[in-house]
Amino acid sequence: MIQIYLPIAEISVNLVVMLGLGATVGFLSGMFGVGGGFLLTPLLMLSGIPPAIAVATGANQIVGTSVSGTLAQWRRGNVDLRMGFVLIVGGVAGAVVGVILLKILRELGQAGLMISLTYVAFLGTIGAMMLWESVNAIRRARAGEPLSARRSGQHNWIHGLPFKMRFPRSRLYISAIPPLVIGCVVGLLASFLGVGGGFIMVPALIYLLRMPTNVVIGTSIFQIIFITAIVTLLHATFNYTLDIMLAFLLIIGGVIGGQFGVRAGQKLRGEQLRALLALMVLCVALRILFDLVLTPSDLFSIVPVAGL
Amino acid sequence: MAMGTTIIRLTAILLAVSLTPALAQKTAPAEDPASQEQVQSDVSTREIAIQSNFTGVEILIFGSVDFSDSRTPGEGAYDVIAVVRGPDEPIIVRKKERVAGIWVNGPGKTYGDVPGFYAVLSTRPVRAIASDEALQELGIGLIDLDFGRGTASSTPEQAYRSAMIRLKKEKQLFQEHDDGVTFIGRSLFRGTVALPVNVPTGRYTVDVYLFRDGEAASNSQGSLMVTKAGIEEILYDLAFKYPFIYGLLGVIIAVMCGLVGWFAFRRD
């Protein structure tokens with residue numbers, strides 16, 4: 001087996017294992033149409049990469065995989081550039097907050113804990129909700145009931161906010177505040193968890209802003225490129241936690257795995273895919289939770305002050 | 001294979017070294033040869049380069065005792081202790097505590113000067129070679145190491161200190177080898193130390209002490225450099241000297257890979 005030394009993580013990893021990890025996550029993300037950061041970053045942490053390096057490097061990997069995804073969506077005209085721009089403005093603000101937050105937590109020695117807790121909370125909630133929704137959809141489909149159509153055109157409190165903007169591609173005329181806030185939250189999560197944040201962005205754009213679903217996917221993946229690129233830059237500049245060597249291995253695996261994942265995903269039904277994804281998300285959440293609750297084999301840990 | 005050729009080359013060096021003292025002994029105007037032992041030593045590799053295929057390296061410490069008066073290799077009149085010490089760095093030791101069912105890092109203790117690498121190789125257990133006072137004076141042995149700020153003798157403090165030593169030992173960054181040095185002839189000795197994959201970079205000192213009847217008779221000091229090389233060095237330097245450019249490079253590489261992947265696999 002070929003070992004490769006990572007210059008920033010300062011450990012030697014197995015080349016095949018890291019390529020395989022990238023490919024597996026790429027395959028799953030291609031199959032389910034998600035970024036895969038929520039799987040990659042915890043898996044990197046579990047394989048011995050320091051949490052903060054896993055987060056920065058995970059974000060860098062997502063830049064690569066979302067470029068391929070965006071090109072595919074762009075050709076189908078599914079990207080709302082104007083909405084994407086507003087989301088990115090909010091996202092940059094959130095990303096800066098997240099990077100600073102992570103820096104402070106590292107100095108306190110609580111970065112790993114807070115990253116894990118946030119993962120458990122988010123993945124647990126979203127996994128449970130998705131599982132509930134998809135199991136119900138499968139049951140309804142078996143019983144032969146028609147799927148309840150989304151009631152469009154209905155107005156909620158969000159449409160009463162000021163600073164209204166026109167988004168012709170999404171056929172919306174709404175306040176710029178909700179997209180800015182959504183972008184900010186996703187940017188914060190991206191920089192703190194090393195994820196793209198699609199799992200928050202997509203439901204928020206559909207249910208809160210009532211954007212058409214096809215435009216939501218394209219716009220979400222488009223803005224993820226910019227958010228994760230900014231997160232990568234910020235972490236590299238302020239926390240010195242980006243390992244390009246590791247990111248490169250993961251991207252190579254990810255791009256290849258993703259192509260096969262897309263093909264595999266086309267053979268499964270939507271609600272079955274969502275149920276599978278939900279189970280996977282819940283498994284990752286449980287695994288992280290166990291590590292927090294089970295008595296560690298060693299209560300002590302050492303960390304160089306310079307390597308914070 | 002590279003190790004094999006190194007060993008052959010070293011054997012040649014060792015032979016050369018072992019012959020020199022014999023010649024020197026004849027010419028040196030020694031007043032009292034019995035108390036004039038001199039130790040000379042060196043290491044097999046003075047420059048260690050960490051490249052992408054680096055998985056650790058074994059170095060050989062070798063030397064000889066000039067004016068040795070022992071007649072047979074097994075006489076045991078002399079003892080040698082070699083100390084390899086990497087650059088000091090501050091270390092935080094943390095202990096996990098259970099808070100509301102979850103294991104959380106406690107406040108932790110900082111030690112100012114912890115050697116990044118520390119190995120003691122000796123012909124016998126160091127405590128059998130010399131008195132505790134003598135060892136402490138020379139800074140030999142983990143128990144006597146001064147880790148700088150934070151070091152104290154109170155019991156809870158001691159737990160952190162011993163935990164750090166234990167963890168460093170698990171990572172092979174602290175090593176103690178009681179039989180790490182062996183005499184090959186009357187005056188020639190050698191010992192090997194394995195630097196693990198996670199060795200810190202910087203200048204290492206190699207101190208070799210010669211003991212005779214529990215008394216430090218002579219010592220010699222050498223050094224070696226551990227540096228990153230090749231692409232590892234370029235990336236490391238860039239990451240810490242020009243982090244913004246490094247980050248930008250990471251983003252550009254990712255975008256290029258994404259583009260290449262898309263063009264290579266697109267079906268329309």
# chains A, B, ... in the order shown; residues from 1 in each chain; ligands from 1

call {"tool": "closest_atom_pairs", "arguments": {"of": "chain B", "to": "chain A", "cutoff": "7 Å", "atoms": "only C-alpha atoms", "output": "Markdown table"}}
result
| residue | atom | partner | partner_atom | distance |
| --- | --- | --- | --- | --- |
| B:Ser52 | CA | A:Tyr5 | CA | 4.6 |
| B:Asn53 | CA | A:Ile4 | CA | 5.3 |
| B:Phe54 | CA | A:Tyr5 | CA | 6.0 |
| B:Thr55 | CA | A:Ser12 | CA | 6.6 |
| B:Pro90 | CA | A:Val305 | CA | 5.5 |
| B:Ile91 | CA | A:Pro304 | CA | 4.4 |
| B:Ile92 | CA | A:Val303 | CA | 5.4 |
| B:Val93 | CA | A:Ile302 | CA | 4.6 |
| B:Arg94 | CA | A:Ser301 | CA | 5.3 |
| B:Lys95 | CA | A:Phe300 | CA | 4.4 |
| B:Lys96 | CA | A:Leu299 | CA | 5.0 |
| B:Gly101 | CA | A:Val293 | CA | 6.1 |
| B:Ile102 | CA | A:Val293 | CA | 4.9 |
| B:Trp103 | CA | A:Leu292 | CA | 5.7 |
| B:Val104 | CA | A:Leu113 | CA | 6.9 |
| B:Asn105 | CA | A:Gln110 | CA | 6.6 |
| B:Ala163 | CA | A:Phe300 | CA | 6.5 |
| B:Met164 | CA | A:Ile302 | CA | 6.6 |
| B:Val197 | CA | A:Ile11 | CA | 6.7 |
| B:Asn198 | CA | A:Ile11 | CA | 5.9 |
| B:Glu232 | CA | A:Pro7 | CA | 5.3 |
| B:Leu235 | CA | A:Pro7 | CA | 6.9 |
| B:Tyr236 | CA | A:Pro7 | CA | 5.9 |
| B:Ala239 | CA | A:Tyr240 | CA | 6.5 |
| B:Phe240 | CA | A:Tyr240 | CA | 6.7 |
| B:Pro243 | CA | A:Thr237 | CA | 4.7 |
| B:Phe244 | CA | A:Thr237 | CA | 5.1 |
| B:Gly247 | CA | A:Leu233 | CA | 4.6 |
| B:Leu248 | CA | A:Leu233 | CA | 6.2 |
| B:Gly250 | CA | A:Ile244 | CA | 5.7 |
| B:Val251 | CA | A:Ala229 | CA | 5.9 |
| B:Ala254 | CA | A:Gly64 | CA | 4.2 |
| B:Val255 | CA | A:Gly64 | CA | 5.0 |
| B:Cys257 | CA | A:Gly64 | CA | 6.0 |
| B:Gly258 | CA | A:Gly64 | CA | 4.5 |
| B:Leu259 | CA | A:Ser68 | CA | 6.1 |
| B:Gly261 | CA | A:Val255 | CA | 5.8 |
| B:Trp262 | CA | A:Ser68 | CA | 5.0 |
| B:Phe265 | CA | A:Gln259 | CA | 6.9 |

call {"tool": "write_last_selection", "arguments": {"atoms": "N, CA and C atoms", "output": "mmCIF file, in the first residue's frame"}}
result
data_model
loop_
_atom_site.group_PDB
_atom_site.id
_atom_site.type_symbol
_atom_site.label_atom_id
_atom_site.label_comp_id
_atom_site.auth_asym_id
_atom_site.auth_seq_id
_atom_site.Cartn_x
_atom_site.Cartn_y
_atom_site.Cartn_z
ATOM 1 N N SER B 52 6.983 13.269 0.126
ATOM 2 C CA SER B 52 5.630 12.718 0.155
ATOM 3 C C SER B 52 5.615 11.215 0.438
ATOM 4 N N ASN B 53 6.752 10.533 0.238
ATOM 5 C CA ASN B 53 6.771 9.097 0.529
ATOM 6 C C ASN B 53 7.366 8.800 1.908
ATOM 7 N N PHE B 54 7.517 9.854 2.737
ATOM 8 C CA PHE B 54 8.151 9.685 4.043
ATOM 9 C C PHE B 54 7.260 8.893 4.998
ATOM 10 N N THR B 55 7.814 7.822 5.564
ATOM 11 C CA THR B 55 7.048 7.065 6.563
ATOM 12 C C THR B 55 7.872 6.869 7.827
ATOM 13 N N PRO B 90 5.973 24.546 22.784
ATOM 14 C CA PRO B 90 4.975 24.522 23.853
ATOM 15 C C PRO B 90 3.859 23.527 23.552
ATOM 16 N N ILE B 91 3.418 22.821 24.582
ATOM 17 C CA ILE B 91 2.404 21.771 24.423
ATOM 18 C C ILE B 91 1.284 22.002 25.450
ATOM 19 N N ILE B 92 0.057 21.808 25.003
ATOM 20 C CA ILE B 92 -1.071 21.848 25.937
ATOM 21 C C ILE B 92 -1.526 20.413 26.204
ATOM 22 N N VAL B 93 -1.669 20.076 27.483
ATOM 23 C CA VAL B 93 -2.185 18.758 27.860
ATOM 24 C C VAL B 93 -3.599 18.970 28.386
ATOM 25 N N ARG B 94 -4.557 18.249 27.815
ATOM 26 C CA ARG B 94 -5.935 18.408 28.269
ATOM 27 C C ARG B 94 -6.475 17.083 28.772
ATOM 28 N N LYS B 95 -7.371 17.199 29.747
ATOM 29 C CA LYS B 95 -8.020 16.009 30.276
ATOM 30 C C LYS B 95 -9.521 16.139 30.048
ATOM 31 N N LYS B 96 -10.121 15.066 29.539
ATOM 32 C CA LYS B 96 -11.560 15.099 29.283
ATOM 33 C C LYS B 96 -12.316 14.890 30.587
ATOM 34 N N GLY B 101 -23.211 14.114 30.568
ATOM 35 C CA GLY B 101 -23.189 12.891 29.764
ATOM 36 C C GLY B 101 -22.224 12.913 28.595
ATOM 37 N N ILE B 102 -21.633 14.081 28.329
ATOM 38 C CA ILE B 102 -20.736 14.207 27.173
ATOM 39 C C ILE B 102 -19.312 14.481 27.662
ATOM 40 N N TRP B 103 -18.340 13.888 26.973
ATOM 41 C CA TRP B 103 -16.944 14.080 27.362
ATOM 42 C C TRP B 103 -16.412 15.367 26.752
ATOM 43 N N VAL B 104 -15.988 16.276 27.648
ATOM 44 C CA VAL B 104 -15.564 17.609 27.235
ATOM 45 C C VAL B 104 -14.132 17.836 27.698
ATOM 46 N N ASN B 105 -13.328 18.495 26.861
ATOM 47 C CA ASN B 105 -11.961 18.839 27.255
ATOM 48 C C ASN B 105 -11.966 19.838 28.408
ATOM 49 N N ALA B 163 0.887 11.884 31.797
ATOM 50 C CA ALA B 163 0.027 11.608 30.644
ATOM 51 C C ALA B 163 0.703 12.080 29.361
ATOM 52 N N MET B 164 1.347 13.259 29.443
ATOM 53 C CA MET B 164 2.016 13.782 28.253
ATOM 54 C C MET B 164 3.154 12.850 27.833
ATOM 55 N N VAL B 197 6.995 8.903 11.598
ATOM 56 C CA VAL B 197 6.503 9.732 10.494
ATOM 57 C C VAL B 197 6.131 11.147 10.960
ATOM 58 N N ASN B 198 5.749 11.267 12.232
ATOM 59 C CA ASN B 198 5.282 12.566 12.723
ATOM 60 C C ASN B 198 6.388 13.392 13.378
ATOM 61 N N GLU B 232 6.431 18.813 -0.570
ATOM 62 C CA GLU B 232 6.021 18.997 0.825
ATOM 63 C C GLU B 232 6.537 20.335 1.354
ATOM 64 N N LEU B 235 4.702 23.330 -0.427
ATOM 65 C CA LEU B 235 3.338 23.525 0.093
ATOM 66 C C LEU B 235 3.367 24.061 1.519
ATOM 67 N N TYR B 236 4.249 23.510 2.337
ATOM 68 C CA TYR B 236 4.319 23.912 3.747
ATOM 69 C C TYR B 236 4.726 25.384 3.862
ATOM 70 N N ALA B 239 1.944 27.607 2.657
ATOM 71 C CA ALA B 239 0.800 27.615 3.577
ATOM 72 C C ALA B 239 1.034 28.551 4.758
ATOM 73 N N PHE B 240 2.282 28.653 5.212
ATOM 74 C CA PHE B 240 2.525 29.468 6.399
ATOM 75 C C PHE B 240 3.097 30.844 6.081
ATOM 76 N N PRO B 243 -0.268 32.418 3.084
ATOM 77 C CA PRO B 243 -1.462 31.572 3.217
ATOM 78 C C PRO B 243 -2.565 31.912 2.234
ATOM 79 N N PHE B 244 -2.671 33.219 1.856
ATOM 80 C CA PHE B 244 -3.755 33.587 0.935
ATOM 81 C C PHE B 244 -3.517 32.965 -0.436
ATOM 82 N N GLY B 247 -4.237 29.301 -0.249
ATOM 83 C CA GLY B 247 -5.671 29.044 -0.279
ATOM 84 C C GLY B 247 -6.219 29.176 -1.696
ATOM 85 N N LEU B 248 -5.742 30.247 -2.383
ATOM 86 C CA LEU B 248 -6.158 30.485 -3.761
ATOM 87 C C LEU B 248 -5.759 29.312 -4.650
ATOM 88 N N GLY B 250 -5.391 26.242 -3.703
ATOM 89 C CA GLY B 250 -6.304 25.144 -3.384
ATOM 90 C C GLY B 250 -7.608 25.268 -4.152
ATOM 91 N N VAL B 251 -8.152 26.495 -4.193
ATOM 92 C CA VAL B 251 -9.416 26.729 -4.896
ATOM 93 C C VAL B 251 -9.239 26.493 -6.393
ATOM 94 N N ALA B 254 -9.030 22.859 -7.243
ATOM 95 C CA ALA B 254 -10.351 22.238 -7.123
ATOM 96 C C ALA B 254 -11.213 22.556 -8.333
ATOM 97 N N VAL B 255 -11.207 23.841 -8.756
ATOM 98 C CA VAL B 255 -12.025 24.245 -9.906
ATOM 99 C C VAL B 255 -11.549 23.524 -11.171
ATOM 100 N N CYS B 257 -9.983 20.647 -11.394
ATOM 101 C CA CYS B 257 -10.375 19.230 -11.316
ATOM 102 C C CYS B 257 -11.852 19.067 -11.671
ATOM 103 N N GLY B 258 -12.685 19.975 -11.159
ATOM 104 C CA GLY B 258 -14.114 19.914 -11.442
ATOM 105 C C GLY B 258 -14.383 20.063 -12.927
ATOM 106 N N LEU B 259 -13.688 21.043 -13.559
ATOM 107 C CA LEU B 259 -13.870 21.278 -14.995
ATOM 108 C C LEU B 259 -13.417 20.068 -15.812
ATOM 109 N N GLY B 261 -13.137 17.008 -14.834
ATOM 110 C CA GLY B 261 -14.061 15.903 -14.576
ATOM 111 C C GLY B 261 -15.330 16.040 -15.407
ATOM 112 N N TRP B 262 -15.836 17.289 -15.496
ATOM 113 C CA TRP B 262 -17.081 17.491 -16.220
ATOM 114 C C TRP B 262 -16.899 17.235 -17.711
ATOM 115 N N PHE B 265 -16.383 13.450 -18.529
ATOM 116 C CA PHE B 265 -17.473 12.495 -18.315
ATOM 117 C C PHE B 265 -18.816 12.918 -18.911
#

call {"tool": "residues_around", "arguments": {"residues": "stretch 219-225 of chain B", "least_positions_apart": "4", "cutoff": "7 Å", "atoms": "only C-alpha atoms", "output": "VMD selection string"}}
result
chain B and resid 39 to 42 46 to 48 202 to 210

call {"tool": "write_last_selection", "arguments": {"atoms": "C-alpha atoms", "output": "mmCIF file, in the first residue's frame"}}
result
data_model
loop_
_atom_site.group_PDB
_atom_site.id
_atom_site.type_symbol
_atom_site.label_atom_id
_atom_site.label_comp_id
_atom_site.auth_asym_id
_atom_site.auth_seq_id
_atom_site.Cartn_x
_atom_site.Cartn_y
_atom_site.Cartn_z
ATOM 1 C CA VAL B 39 34.343 9.699 23.127
ATOM 2 C CA GLN B 40 33.782 10.550 19.494
ATOM 3 C CA SER B 41 30.526 10.050 17.710
ATOM 4 C CA ASP B 42 28.454 10.906 14.675
ATOM 5 C CA ARG B 46 22.834 14.566 9.052
ATOM 6 C CA GLU B 47 20.066 15.813 6.779
ATOM 7 C CA ILE B 48 16.669 14.138 6.845
ATOM 8 C CA GLY B 202 14.161 21.510 12.897
ATOM 9 C CA ARG B 203 17.646 21.019 14.291
ATOM 10 C CA TYR B 204 18.177 17.984 16.515
ATOM 11 C CA THR B 205 21.069 17.593 18.928
ATOM 12 C CA VAL B 206 22.743 14.247 19.488
ATOM 13 C CA ASP B 207 24.642 14.115 22.785
ATOM 14 C CA VAL B 208 26.747 11.067 23.489
ATOM 15 C CA TYR B 209 27.981 10.621 27.064
ATOM 16 C CA LEU B 210 30.687 8.193 28.076
#

call {"tool": "residues_around", "arguments": {"residues": "A:Ala128", "least_positions_apart": "3", "cutoff": "9 Å", "atoms": "only C-alpha atoms", "output": "NGL selection string"}}
result
:A and (123-125 or 131-133 or 278-279 or 281-282)

call {"tool": "write_last_selection", "arguments": {"atoms": "C-alpha atoms", "output": "PDB file, in the first residue's frame"}}
result
ATOM      1  CA  LEU A 123     -27.724  15.593  10.984  1.00  0.00           C
ATOM      2  CA  GLY A 124     -30.002  14.083  13.648  1.00  0.00           C
ATOM      3  CA  THR A 125     -32.812  16.577  13.016  1.00  0.00           C
ATOM      4  CA  LEU A 131     -36.841   9.676   7.012  1.00  0.00           C
ATOM      5  CA  TRP A 132     -40.309  10.575   8.292  1.00  0.00           C
ATOM      6  CA  GLU A 133     -41.208  12.377   5.067  1.00  0.00           C
ATOM      7  CA  ALA A 278     -31.949   9.813   5.589  1.00  0.00           C
ATOM      8  CA  LEU A 279     -30.736   6.511   7.067  1.00  0.00           C
ATOM      9  CA  VAL A 281     -27.391  10.817   7.661  1.00  0.00           C
ATOM     10  CA  LEU A 282     -28.793   9.308  10.873  1.00  0.00           C
TER      11      LEU A 282
END

call {"tool": "residues_around", "arguments": {"residues": "B:Lys228", "least_positions_apart": "4", "cutoff": "8 Å", "atoms": "only C-alpha atoms", "output": "MDAnalysis selection string"}}
result
chainID B and resid 49:51 201 232:233 236

call {"tool": "write_last_selection", "arguments": {"atoms": "C-alpha atoms", "output": "compact mmCIF listing (two decimals), in the first residue's frame"}}
result
# COMPACT_ATOMS: atom_id res chain seq x y z
CA ALA B 49 14.25 15.24 4.15
CA ILE B 50 10.52 14.67 4.62
CA GLN B 51 9.02 14.02 1.20
CA THR B 201 11.14 19.57 11.70
CA GLU B 232 6.02 19.00 0.82
CA GLU B 233 8.43 21.87 1.48
CA TYR B 236 4.32 23.91 3.75

call {"tool": "atom_distance", "arguments": {"atom1": "atom CA of A:Asn14", "atom2": "atom CA of B:Leu173"}}
result
21.1 Å

call {"tool": "closest_residue", "arguments": {"among": "B:Ala82, B:Leu142, B:Val260, B:Leu60", "to": "B:Arg161", "atoms": "only C-alpha atoms"}}
result
B:Leu142

call {"tool": "decode", "arguments": {"residues": "stretch 129-215 of chain B", "atoms": "C-alpha atoms", "output": "PDB file, in the first residue's frame"}}
result
ATOM      1  CA  ILE B 129      24.832   3.519  34.847  1.00  0.00           C
ATOM      2  CA  ALA B 130      24.892   6.670  36.941  1.00  0.00           C
ATOM      3  CA  SER B 131      23.343   8.276  39.995  1.00  0.00           C
ATOM      4  CA  ASP B 132      20.079  10.187  39.762  1.00  0.00           C
ATOM      5  CA  GLU B 133      21.921  13.422  40.514  1.00  0.00           C
ATOM      6  CA  ALA B 134      24.408  12.878  37.711  1.00  0.00           C
ATOM      7  CA  LEU B 135      21.610  12.061  35.245  1.00  0.00           C
ATOM      8  CA  GLN B 136      19.572  15.047  36.315  1.00  0.00           C
ATOM      9  CA  GLU B 137      22.551  17.345  35.887  1.00  0.00           C
ATOM     10  CA  LEU B 138      23.045  16.167  32.319  1.00  0.00           C
ATOM     11  CA  GLY B 139      19.304  16.180  31.539  1.00  0.00           C
ATOM     12  CA  ILE B 140      19.206  12.471  30.749  1.00  0.00           C
ATOM     13  CA  GLY B 141      15.937  10.564  31.077  1.00  0.00           C
ATOM     14  CA  LEU B 142      12.304  11.572  30.778  1.00  0.00           C
ATOM     15  CA  ILE B 143      11.684  11.686  34.528  1.00  0.00           C
ATOM     16  CA  ASP B 144      14.222  14.436  34.979  1.00  0.00           C
ATOM     17  CA  LEU B 145      13.312  16.497  31.935  1.00  0.00           C
ATOM     18  CA  ASP B 146      12.454  20.105  32.555  1.00  0.00           C
ATOM     19  CA  PHE B 147       9.418  20.931  30.443  1.00  0.00           C
ATOM     20  CA  GLY B 148       9.506  24.607  31.350  1.00  0.00           C
ATOM     21  CA  ARG B 149       6.550  26.669  32.474  1.00  0.00           C
ATOM     22  CA  GLY B 150       3.823  24.616  34.094  1.00  0.00           C
ATOM     23  CA  THR B 151       6.088  22.013  35.607  1.00  0.00           C
ATOM     24  CA  ALA B 152       5.257  21.363  39.254  1.00  0.00           C
ATOM     25  CA  SER B 153       5.348  18.523  41.726  1.00  0.00           C
ATOM     26  CA  SER B 154       1.768  18.624  43.044  1.00  0.00           C
ATOM     27  CA  THR B 155      -0.169  15.412  42.417  1.00  0.00           C
ATOM     28  CA  PRO B 156      -2.742  16.624  39.835  1.00  0.00           C
ATOM     29  CA  GLU B 157       0.036  18.406  37.918  1.00  0.00           C
ATOM     30  CA  GLN B 158       2.034  15.174  37.978  1.00  0.00           C
ATOM     31  CA  ALA B 159      -0.868  13.329  36.314  1.00  0.00           C
ATOM     32  CA  TYR B 160      -0.793  15.742  33.372  1.00  0.00           C
ATOM     33  CA  ARG B 161       2.968  15.455  33.097  1.00  0.00           C
ATOM     34  CA  SER B 162       2.978  11.666  33.068  1.00  0.00           C
ATOM     35  CA  ALA B 163       0.027  11.608  30.644  1.00  0.00           C
ATOM     36  CA  MET B 164       2.016  13.782  28.253  1.00  0.00           C
ATOM     37  CA  ILE B 165       5.059  11.501  28.513  1.00  0.00           C
ATOM     38  CA  ARG B 166       2.844   8.467  27.934  1.00  0.00           C
ATOM     39  CA  LEU B 167       1.123  10.008  24.880  1.00  0.00           C
ATOM     40  CA  LYS B 168       4.452  11.154  23.439  1.00  0.00           C
ATOM     41  CA  LYS B 169       5.776   7.622  23.922  1.00  0.00           C
ATOM     42  CA  GLU B 170       2.734   6.161  22.150  1.00  0.00           C
ATOM     43  CA  LYS B 171       3.475   8.440  19.191  1.00  0.00           C
ATOM     44  CA  GLN B 172       7.129   7.295  19.273  1.00  0.00           C
ATOM     45  CA  LEU B 173       8.164  10.897  19.922  1.00  0.00           C
ATOM     46  CA  PHE B 174       9.642   9.950  23.293  1.00  0.00           C
ATOM     47  CA  GLN B 175      11.742   6.808  23.370  1.00  0.00           C
ATOM     48  CA  GLU B 176      13.879   5.064  25.957  1.00  0.00           C
ATOM     49  CA  HIS B 177      15.981   2.091  24.904  1.00  0.00           C
ATOM     50  CA  ASP B 178      17.907   0.428  27.735  1.00  0.00           C
ATOM     51  CA  ASP B 179      19.841  -1.739  25.297  1.00  0.00           C
ATOM     52  CA  GLY B 180      19.899   0.763  22.460  1.00  0.00           C
ATOM     53  CA  VAL B 181      23.687   1.081  22.361  1.00  0.00           C
ATOM     54  CA  THR B 182      26.018  -1.884  21.946  1.00  0.00           C
ATOM     55  CA  PHE B 183      29.797  -2.111  21.948  1.00  0.00           C
ATOM     56  CA  ILE B 184      31.173  -3.901  18.921  1.00  0.00           C
ATOM     57  CA  GLY B 185      34.815  -4.013  19.962  1.00  0.00           C
ATOM     58  CA  ARG B 186      36.930  -2.522  22.675  1.00  0.00           C
ATOM     59  CA  SER B 187      36.099   0.999  21.678  1.00  0.00           C
ATOM     60  CA  LEU B 188      33.507   0.945  18.918  1.00  0.00           C
ATOM     61  CA  PHE B 189      29.812   1.331  19.714  1.00  0.00           C
ATOM     62  CA  ARG B 190      26.621   1.809  17.764  1.00  0.00           C
ATOM     63  CA  GLY B 191      22.896   2.290  18.284  1.00  0.00           C
ATOM     64  CA  THR B 192      19.889   2.958  16.081  1.00  0.00           C
ATOM     65  CA  VAL B 193      16.929   5.212  16.686  1.00  0.00           C
ATOM     66  CA  ALA B 194      13.758   5.283  14.591  1.00  0.00           C
ATOM     67  CA  LEU B 195      12.325   8.708  13.840  1.00  0.00           C
ATOM     68  CA  PRO B 196       8.565   8.188  13.292  1.00  0.00           C
ATOM     69  CA  VAL B 197       6.503   9.732  10.494  1.00  0.00           C
ATOM     70  CA  ASN B 198       5.282  12.566  12.723  1.00  0.00           C
ATOM     71  CA  VAL B 199       8.732  13.905  13.692  1.00  0.00           C
ATOM     72  CA  PRO B 200       8.815  17.668  14.020  1.00  0.00           C
ATOM     73  CA  THR B 201      11.137  19.565  11.696  1.00  0.00           C
ATOM     74  CA  GLY B 202      14.161  21.510  12.897  1.00  0.00           C
ATOM     75  CA  ARG B 203      17.646  21.019  14.291  1.00  0.00           C
ATOM     76  CA  TYR B 204      18.177  17.984  16.515  1.00  0.00           C
ATOM     77  CA  THR B 205      21.069  17.593  18.928  1.00  0.00           C
ATOM     78  CA  VAL B 206      22.743  14.247  19.488  1.00  0.00           C
ATOM     79  CA  ASP B 207      24.642  14.115  22.785  1.00  0.00           C
ATOM     80  CA  VAL B 208      26.747  11.067  23.489  1.00  0.00           C
ATOM     81  CA  TYR B 209      27.981  10.621  27.064  1.00  0.00           C
ATOM     82  CA  LEU B 210      30.687   8.193  28.076  1.00  0.00           C
ATOM     83  CA  PHE B 211      30.475   6.873  31.644  1.00  0.00           C
ATOM     84  CA  ARG B 212      33.146   5.011  33.507  1.00  0.00           C
ATOM     85  CA  ASP B 213      32.230   3.523  36.874  1.00  0.00           C
ATOM     86  CA  GLY B 214      29.185   5.777  37.156  1.00  0.00           C
ATOM     87  CA  GLU B 215      31.182   8.938  36.435  1.00  0.00           C
TER      88      GLU B 215
END
